[in-house]
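Chemist: Pasting in a structure now, in structure tokens, and then I'll have a few things to ask.
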Amino acid sequence: MELPELLVKFKEYAPHVDTTAIELAYEYSVNAHADQARASGEHYFVHCSAVAESLIELKLDMPTICAGLLHDVLEDTPTTPEQLRKEFGDEITRLVEGVTKLDSLHFTSHDDAQAENWRKMMLATAQDIRVILIKLADRLHNMKTLQFLKPEKQERIAHETASLYAPLAHRLGMFRLKSQLEDLAFQYTHREEYAELSAKMEALQANRESVLANFKTTVEQHLAGTNIPHRILARTKSLWSIYQKMLRQNKPFEEIQDSLGVRVITDTVSNCYALLGIMHTLFKPVAGTFTDYISVPKINLYQSLHTTVMGLNGDLVEIQIRTEEMHRTSEYGIAAHWRYKSGEHGQDPHLEEKLNWLRQWIEWLQDLKSPREFLESLKTDLELHQVFVFTPAGEVKALPGGATPIDFAFSVHTDVGMTCVGARVNNKMVRLDYQLKSGDICEIQTKKGSVPKKDWLGIVKTARARSKIRHFLREKGIVA
Ligand code: MN
């Protein structure tokens, strides 16, 4: 994208911000990369401008856009950090340095090296999450232009994207980016399956459109008499998620009950519940499909009401109901909080609070000494399945699937975890390796002076519990 177009798009959400620095960064990057080309044969700068464009799409702030344009100048050109600092100041330079540091170690097929790189990435995130957002935009464009690389390289990069970058985007709540990365990786990690599935999906398109049209007409007619603001969007599911479902259920595409997905977006929380009532009146709900992520949000901030209903002609329709704000958060996740508010600029005042879980998580991860251990914890914590467990006082804790009372105890408080001796779940005594389920009420019994046992390391599922236990055992010389 050319400079004037980028500026127009940026001005749409940040009309009062001075764009001189963006103009300078654009020109600087064009000149710095002047004699370089991408594998596609295109001018190298095309990549830098594409990264900036993605960041503008996320409506990120001015320094992030500048750093996106400049993200490869330290690594790929003779430019030094001192020169960059002189031209663009400290903030932008630190962002570019952050991205460069992440790039400086190349992934190898050895898990340890990959894990070490990831540890660095997470540490950088703790300093400034914008570094990760730039890195994700960089990866997105690299994936879009992957066809120009050799097949072995394509596969390696695609695999890395699927196993680490997409889960990270997911963890940050950036669903749109996550699906894009997954489907791009899918093309290279499972070439034949991808081709087959995309052809089959294509063939179903007309039918889906008619189911959607019927659904919309019924709902619109009913809502015409109310004053509930709403818009109804079709939800395109990623091919990768459908493929995963086929594997999980061990069924061919034709036998997968893949319903049409729609989103109904409104203004307030109370209208979300009003709309839910209306949906359940108009259509027959499918038992066991309702989930309330508004009162109990997911760990990555996601909120919506989910329900599946029987549409006209017996077609299943999966409905997600949410406010505009929840919609933004679900599409852009953490990036949504960097968005400029209309007119003024600056961050969401509650941003720090919202980011706390991320920082804490990274702190726990830092305590893990071996890269392999780190990678394992990272993968576990990135697991999508999670359970919601309640304290006797009704406070909810989100934990990864398979989490035990010990994990729960550490999520309540370190001291509770350290001195935990037993647990009651729903008023019954359970073993400490009991696997908690959503809705369980868990009460931890502690004993003053009691300490973690070595075998707990084989039981716990969360990085937090593992790092605290290991730290204690190491200090006592019980484990290396
Ligand atoms: Mn790059």
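Identifiers for the structure tokens are assigned positionally: chains receive A, B, ... in sequence, residues are indexed from 1 per chain, and ligands are indexed from 1 in the order shown.
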Report as a ChimeraX atom specification all protein, DNA and RNA residues lying within 8 Å of region 69-77 of chain A, evaluated on only C-alpha atoms, omitting residues in the same chain fewer than 2 positions from it.

Modeler: /A:25-26,28-29,32-33,48-49,51-52,65-67,79-81,96-97,99-100,104,134

Chemist: Go ahead and write the residues just picked, all heavy atoms, as a compact mmCIF listing (two decimals), in the first residue's frame.

Modeler:
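Saved result, result_15.txt, follows:
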# COMPACT_ATOMS: atom_id res chain seq x y z
N ALA A 25 9.04 7.51 8.60
CA ALA A 25 9.39 6.08 8.73
C ALA A 25 9.21 5.38 7.39
O ALA A 25 10.01 4.53 7.00
CB ALA A 25 8.52 5.43 9.80
N TYR A 26 8.16 5.75 6.68
CA TYR A 26 7.88 5.16 5.37
C TYR A 26 9.07 5.41 4.43
O TYR A 26 9.62 4.49 3.84
CB TYR A 26 6.61 5.79 4.80
CG TYR A 26 6.06 5.11 3.57
CD1 TYR A 26 5.05 4.17 3.67
CD2 TYR A 26 6.53 5.45 2.29
CE1 TYR A 26 4.52 3.55 2.54
CE2 TYR A 26 6.03 4.84 1.16
CZ TYR A 26 5.01 3.89 1.28
OH TYR A 26 4.50 3.28 0.16
N TYR A 28 12.10 6.39 5.18
CA TYR A 28 13.33 5.81 5.71
C TYR A 28 13.43 4.34 5.33
O TYR A 28 14.47 3.87 4.88
CB TYR A 28 13.34 5.96 7.24
CG TYR A 28 14.69 5.73 7.87
CD1 TYR A 28 15.54 6.80 8.15
CD2 TYR A 28 15.12 4.44 8.19
CE1 TYR A 28 16.78 6.60 8.73
CE2 TYR A 28 16.36 4.22 8.76
CZ TYR A 28 17.19 5.31 9.04
OH TYR A 28 18.41 5.10 9.61
N SER A 29 12.33 3.63 5.50
CA SER A 29 12.31 2.21 5.22
C SER A 29 12.48 1.93 3.72
O SER A 29 13.23 1.05 3.32
CB SER A 29 11.01 1.59 5.75
OG SER A 29 10.96 0.23 5.48
N ALA A 32 16.15 2.50 3.05
CA ALA A 32 17.03 1.53 3.70
C ALA A 32 17.00 0.18 2.97
O ALA A 32 18.01 -0.50 2.84
CB ALA A 32 16.63 1.35 5.16
N HIS A 33 15.81 -0.22 2.49
CA HIS A 33 15.68 -1.52 1.82
C HIS A 33 15.79 -1.40 0.31
O HIS A 33 15.43 -2.34 -0.41
CB HIS A 33 14.31 -2.15 2.15
CG HIS A 33 14.15 -2.54 3.61
ND1 HIS A 33 14.85 -3.55 4.18
CD2 HIS A 33 13.35 -2.02 4.58
CE1 HIS A 33 14.49 -3.66 5.47
NE2 HIS A 33 13.59 -2.75 5.73
N CYS A 48 7.26 -4.51 4.32
CA CYS A 48 7.19 -3.56 5.44
C CYS A 48 5.86 -2.81 5.41
O CYS A 48 5.22 -2.59 6.45
CB CYS A 48 8.33 -2.56 5.38
SG CYS A 48 9.92 -3.38 5.19
N SER A 49 5.46 -2.43 4.21
CA SER A 49 4.22 -1.68 4.10
C SER A 49 3.02 -2.59 4.39
O SER A 49 2.03 -2.15 5.00
CB SER A 49 4.18 -1.02 2.71
OG SER A 49 2.96 -1.22 2.09
N VAL A 51 3.00 -5.06 6.53
CA VAL A 51 2.97 -5.21 7.99
C VAL A 51 2.31 -3.98 8.62
O VAL A 51 1.42 -4.09 9.47
CB VAL A 51 4.40 -5.44 8.55
CG1 VAL A 51 4.43 -5.33 10.07
CG2 VAL A 51 4.92 -6.81 8.10
N ALA A 52 2.71 -2.79 8.15
CA ALA A 52 2.10 -1.56 8.66
C ALA A 52 0.60 -1.55 8.40
O ALA A 52 -0.20 -1.15 9.26
CB ALA A 52 2.77 -0.34 8.03
N ILE A 65 2.79 1.74 14.29
CA ILE A 65 2.76 1.77 12.82
C ILE A 65 4.17 2.09 12.30
O ILE A 65 4.66 1.45 11.37
CB ILE A 65 1.76 2.85 12.31
CG1 ILE A 65 0.39 2.73 12.98
CG2 ILE A 65 1.66 2.80 10.78
CD1 ILE A 65 -0.28 1.41 12.87
N CYS A 66 4.82 3.07 12.92
CA CYS A 66 6.18 3.43 12.50
C CYS A 66 7.10 2.23 12.66
O CYS A 66 7.88 1.90 11.76
CB CYS A 66 6.72 4.58 13.35
SG CYS A 66 5.86 6.13 13.06
N ALA A 67 7.01 1.57 13.81
CA ALA A 67 7.88 0.42 14.06
C ALA A 67 7.58 -0.71 13.07
O ALA A 67 8.48 -1.44 12.67
CB ALA A 67 7.72 -0.07 15.50
N THR A 79 21.58 -0.02 9.06
CA THR A 79 21.10 0.93 10.07
C THR A 79 21.40 0.43 11.49
O THR A 79 21.21 -0.75 11.78
CB THR A 79 19.57 1.11 9.95
OG1 THR A 79 19.27 1.50 8.62
CG2 THR A 79 19.05 2.15 10.92
N THR A 80 21.89 1.32 12.36
CA THR A 80 22.17 0.94 13.75
C THR A 80 21.07 1.48 14.67
O THR A 80 20.36 2.43 14.30
CB THR A 80 23.51 1.54 14.22
OG1 THR A 80 23.36 2.98 14.23
CG2 THR A 80 24.66 1.14 13.32
N PRO A 81 20.95 0.90 15.86
CA PRO A 81 19.95 1.41 16.80
C PRO A 81 20.18 2.89 17.13
O PRO A 81 19.22 3.64 17.29
CB PRO A 81 20.18 0.56 18.06
CG PRO A 81 20.80 -0.70 17.57
CD PRO A 81 21.61 -0.32 16.38
N VAL A 96 11.31 -1.60 17.56
CA VAL A 96 12.04 -2.26 16.46
C VAL A 96 13.09 -3.21 17.03
O VAL A 96 13.26 -4.34 16.56
CB VAL A 96 12.69 -1.22 15.52
CG1 VAL A 96 13.49 -1.92 14.42
CG2 VAL A 96 11.62 -0.33 14.90
N GLU A 97 13.77 -2.77 18.08
CA GLU A 97 14.77 -3.64 18.71
C GLU A 97 14.13 -4.91 19.25
O GLU A 97 14.69 -6.00 19.16
CB GLU A 97 15.50 -2.91 19.84
CG GLU A 97 16.57 -1.96 19.32
CD GLU A 97 17.29 -1.24 20.46
OE1 GLU A 97 16.61 -0.75 21.40
OE2 GLU A 97 18.53 -1.15 20.41
N VAL A 99 11.43 -6.46 18.15
CA VAL A 99 11.11 -7.37 17.05
C VAL A 99 12.39 -8.01 16.52
O VAL A 99 12.43 -9.21 16.22
CB VAL A 99 10.38 -6.61 15.90
CG1 VAL A 99 10.09 -7.54 14.74
CG2 VAL A 99 9.10 -5.98 16.42
N THR A 100 13.46 -7.22 16.41
CA THR A 100 14.73 -7.73 15.89
C THR A 100 15.29 -8.82 16.79
O THR A 100 15.79 -9.84 16.32
CB THR A 100 15.76 -6.58 15.78
OG1 THR A 100 15.15 -5.51 15.07
CG2 THR A 100 17.01 -7.03 15.04
N SER A 104 16.44 -12.69 15.91
CA SER A 104 17.87 -12.94 15.84
C SER A 104 18.21 -14.42 16.04
O SER A 104 19.21 -14.89 15.55
CB SER A 104 18.61 -12.09 16.85
OG SER A 104 18.22 -12.48 18.15
N ILE A 134 3.44 -6.62 16.36
CA ILE A 134 4.21 -6.39 15.13
C ILE A 134 4.71 -7.73 14.59
O ILE A 134 4.64 -8.02 13.40
CB ILE A 134 5.40 -5.44 15.39
CG1 ILE A 134 4.88 -4.07 15.85
CG2 ILE A 134 6.25 -5.28 14.12
CD1 ILE A 134 5.95 -3.15 16.40

Chemist: For the alpha helix (DSSP H) assignment from backbone DSSP, which residues of region 5-205 of chain A qualify? Please present them as a PyMOL selection string.

Modeler: chain A and resi 5-13+20-32+45-57+62-70+73-76+81-104+111-127+129-144+151-160+166-171+175-189+191-205

Chemist: Which residues are near Gly422 (chain A)? Cut-off 10 Å, only C-alpha atoms, ignore same chain within fewer than 3 positions. Put them as a count of residues only.

Modeler: 13

Chemist: List as an NGL selection string the protein and nucleic acid residues near Ala274 (chain A), meaning an atom at most 12 Å away when only C-alpha atoms are counted, but skip any in the same chain fewer than 3 places from it.

Modeler: :A and (223 or 226-230 or 264-271 or 277-281 or 305 or 321-322)

Chemist: For region 191-194 of chain A, work out the shell of residues within 12 Å, counting only C-alpha atoms and skipping chain neighbours fewer than 5 positions away, then give it as a tab-separated table (two decimals) with N, CA and C atoms, in the first residue's frame.

Modeler:
chain	number	residue	atom	x	y	z
A	151	PRO	N	9.76	-25.88	-0.84
A	151	PRO	CA	8.80	-26.67	-0.06
A	151	PRO	C	9.22	-27.01	1.37
A	154	GLN	N	8.77	-23.99	3.40
A	154	GLN	CA	7.33	-23.73	3.57
A	154	GLN	C	6.78	-24.56	4.71
A	155	GLU	N	7.15	-25.85	4.70
A	155	GLU	CA	6.60	-26.73	5.72
A	155	GLU	C	7.07	-26.37	7.13
A	158	ALA	N	5.32	-23.13	8.15
A	158	ALA	CA	3.89	-23.37	8.35
A	158	ALA	C	3.66	-24.12	9.66
A	182	GLU	N	-4.00	-19.96	10.87
A	182	GLU	CA	-4.27	-21.40	10.82
A	182	GLU	C	-4.56	-21.88	9.41
A	183	ASP	N	-5.42	-21.13	8.71
A	183	ASP	CA	-5.77	-21.59	7.36
A	183	ASP	C	-4.59	-21.46	6.40
A	184	LEU	N	-3.77	-20.43	6.58
A	184	LEU	CA	-2.58	-20.31	5.74
A	184	LEU	C	-1.62	-21.47	5.99
A	185	ALA	N	-1.46	-21.82	7.27
A	185	ALA	CA	-0.54	-22.92	7.61
A	185	ALA	C	-1.09	-24.26	7.09
A	186	PHE	N	-2.38	-24.44	7.22
A	186	PHE	CA	-3.07	-25.67	6.79
A	186	PHE	C	-2.73	-26.02	5.34
A	199	ALA	N	-12.58	-27.38	-1.65
A	199	ALA	CA	-13.51	-27.62	-2.76
A	199	ALA	C	-14.89	-28.02	-2.23
A	200	LYS	N	-14.91	-28.86	-1.18
A	200	LYS	CA	-16.19	-29.29	-0.62
A	200	LYS	C	-16.95	-28.14	0.02
A	201	MET	N	-16.22	-27.28	0.70
A	201	MET	CA	-16.86	-26.13	1.33
A	201	MET	C	-17.47	-25.21	0.28
A	238	SER	N	-13.21	-21.41	9.91
A	238	SER	CA	-11.96	-21.68	9.21
A	238	SER	C	-11.92	-23.16	8.82
A	239	LEU	N	-11.27	-23.41	7.69
A	239	LEU	CA	-11.15	-24.78	7.21
A	239	LEU	C	-10.39	-25.62	8.22
A	240	TRP	N	-9.42	-25.01	8.86
A	240	TRP	CA	-8.62	-25.73	9.85
A	240	TRP	C	-9.49	-26.20	11.00
A	241	SER	N	-10.42	-25.35	11.46
A	241	SER	CA	-11.25	-25.76	12.59
A	241	SER	C	-12.19	-26.89	12.19
A	242	ILE	N	-12.66	-26.87	10.95
A	242	ILE	CA	-13.50	-27.97	10.47
A	242	ILE	C	-12.69	-29.26	10.38
A	243	TYR	N	-11.47	-29.13	9.88
A	243	TYR	CA	-10.59	-30.29	9.77
A	243	TYR	C	-10.31	-30.88	11.16
A	244	GLN	N	-10.08	-30.03	12.13
A	244	GLN	CA	-9.84	-30.47	13.50
A	244	GLN	C	-11.04	-31.24	14.05
A	246	MET	N	-13.20	-32.89	12.26
A	246	MET	CA	-13.24	-34.20	11.61
A	246	MET	C	-12.31	-35.18	12.33
A	247	LEU	N	-11.13	-34.69	12.70
A	247	LEU	CA	-10.17	-35.56	13.40
A	247	LEU	C	-10.69	-35.94	14.77
A	252	PRO	N	-15.73	-38.42	8.34
A	252	PRO	CA	-15.46	-37.67	7.12
A	252	PRO	C	-16.28	-36.37	7.11
A	253	PHE	N	-15.89	-35.49	6.23
A	253	PHE	CA	-16.54	-34.17	6.14
A	253	PHE	C	-18.06	-34.29	6.03

Chemist: Rounded to one decimal in Å, what is the spacing between CA of Pro392 (chain A) and CA of Gly288 (chain A)?

Modeler: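 These two atoms are separated by 25.1 Å.
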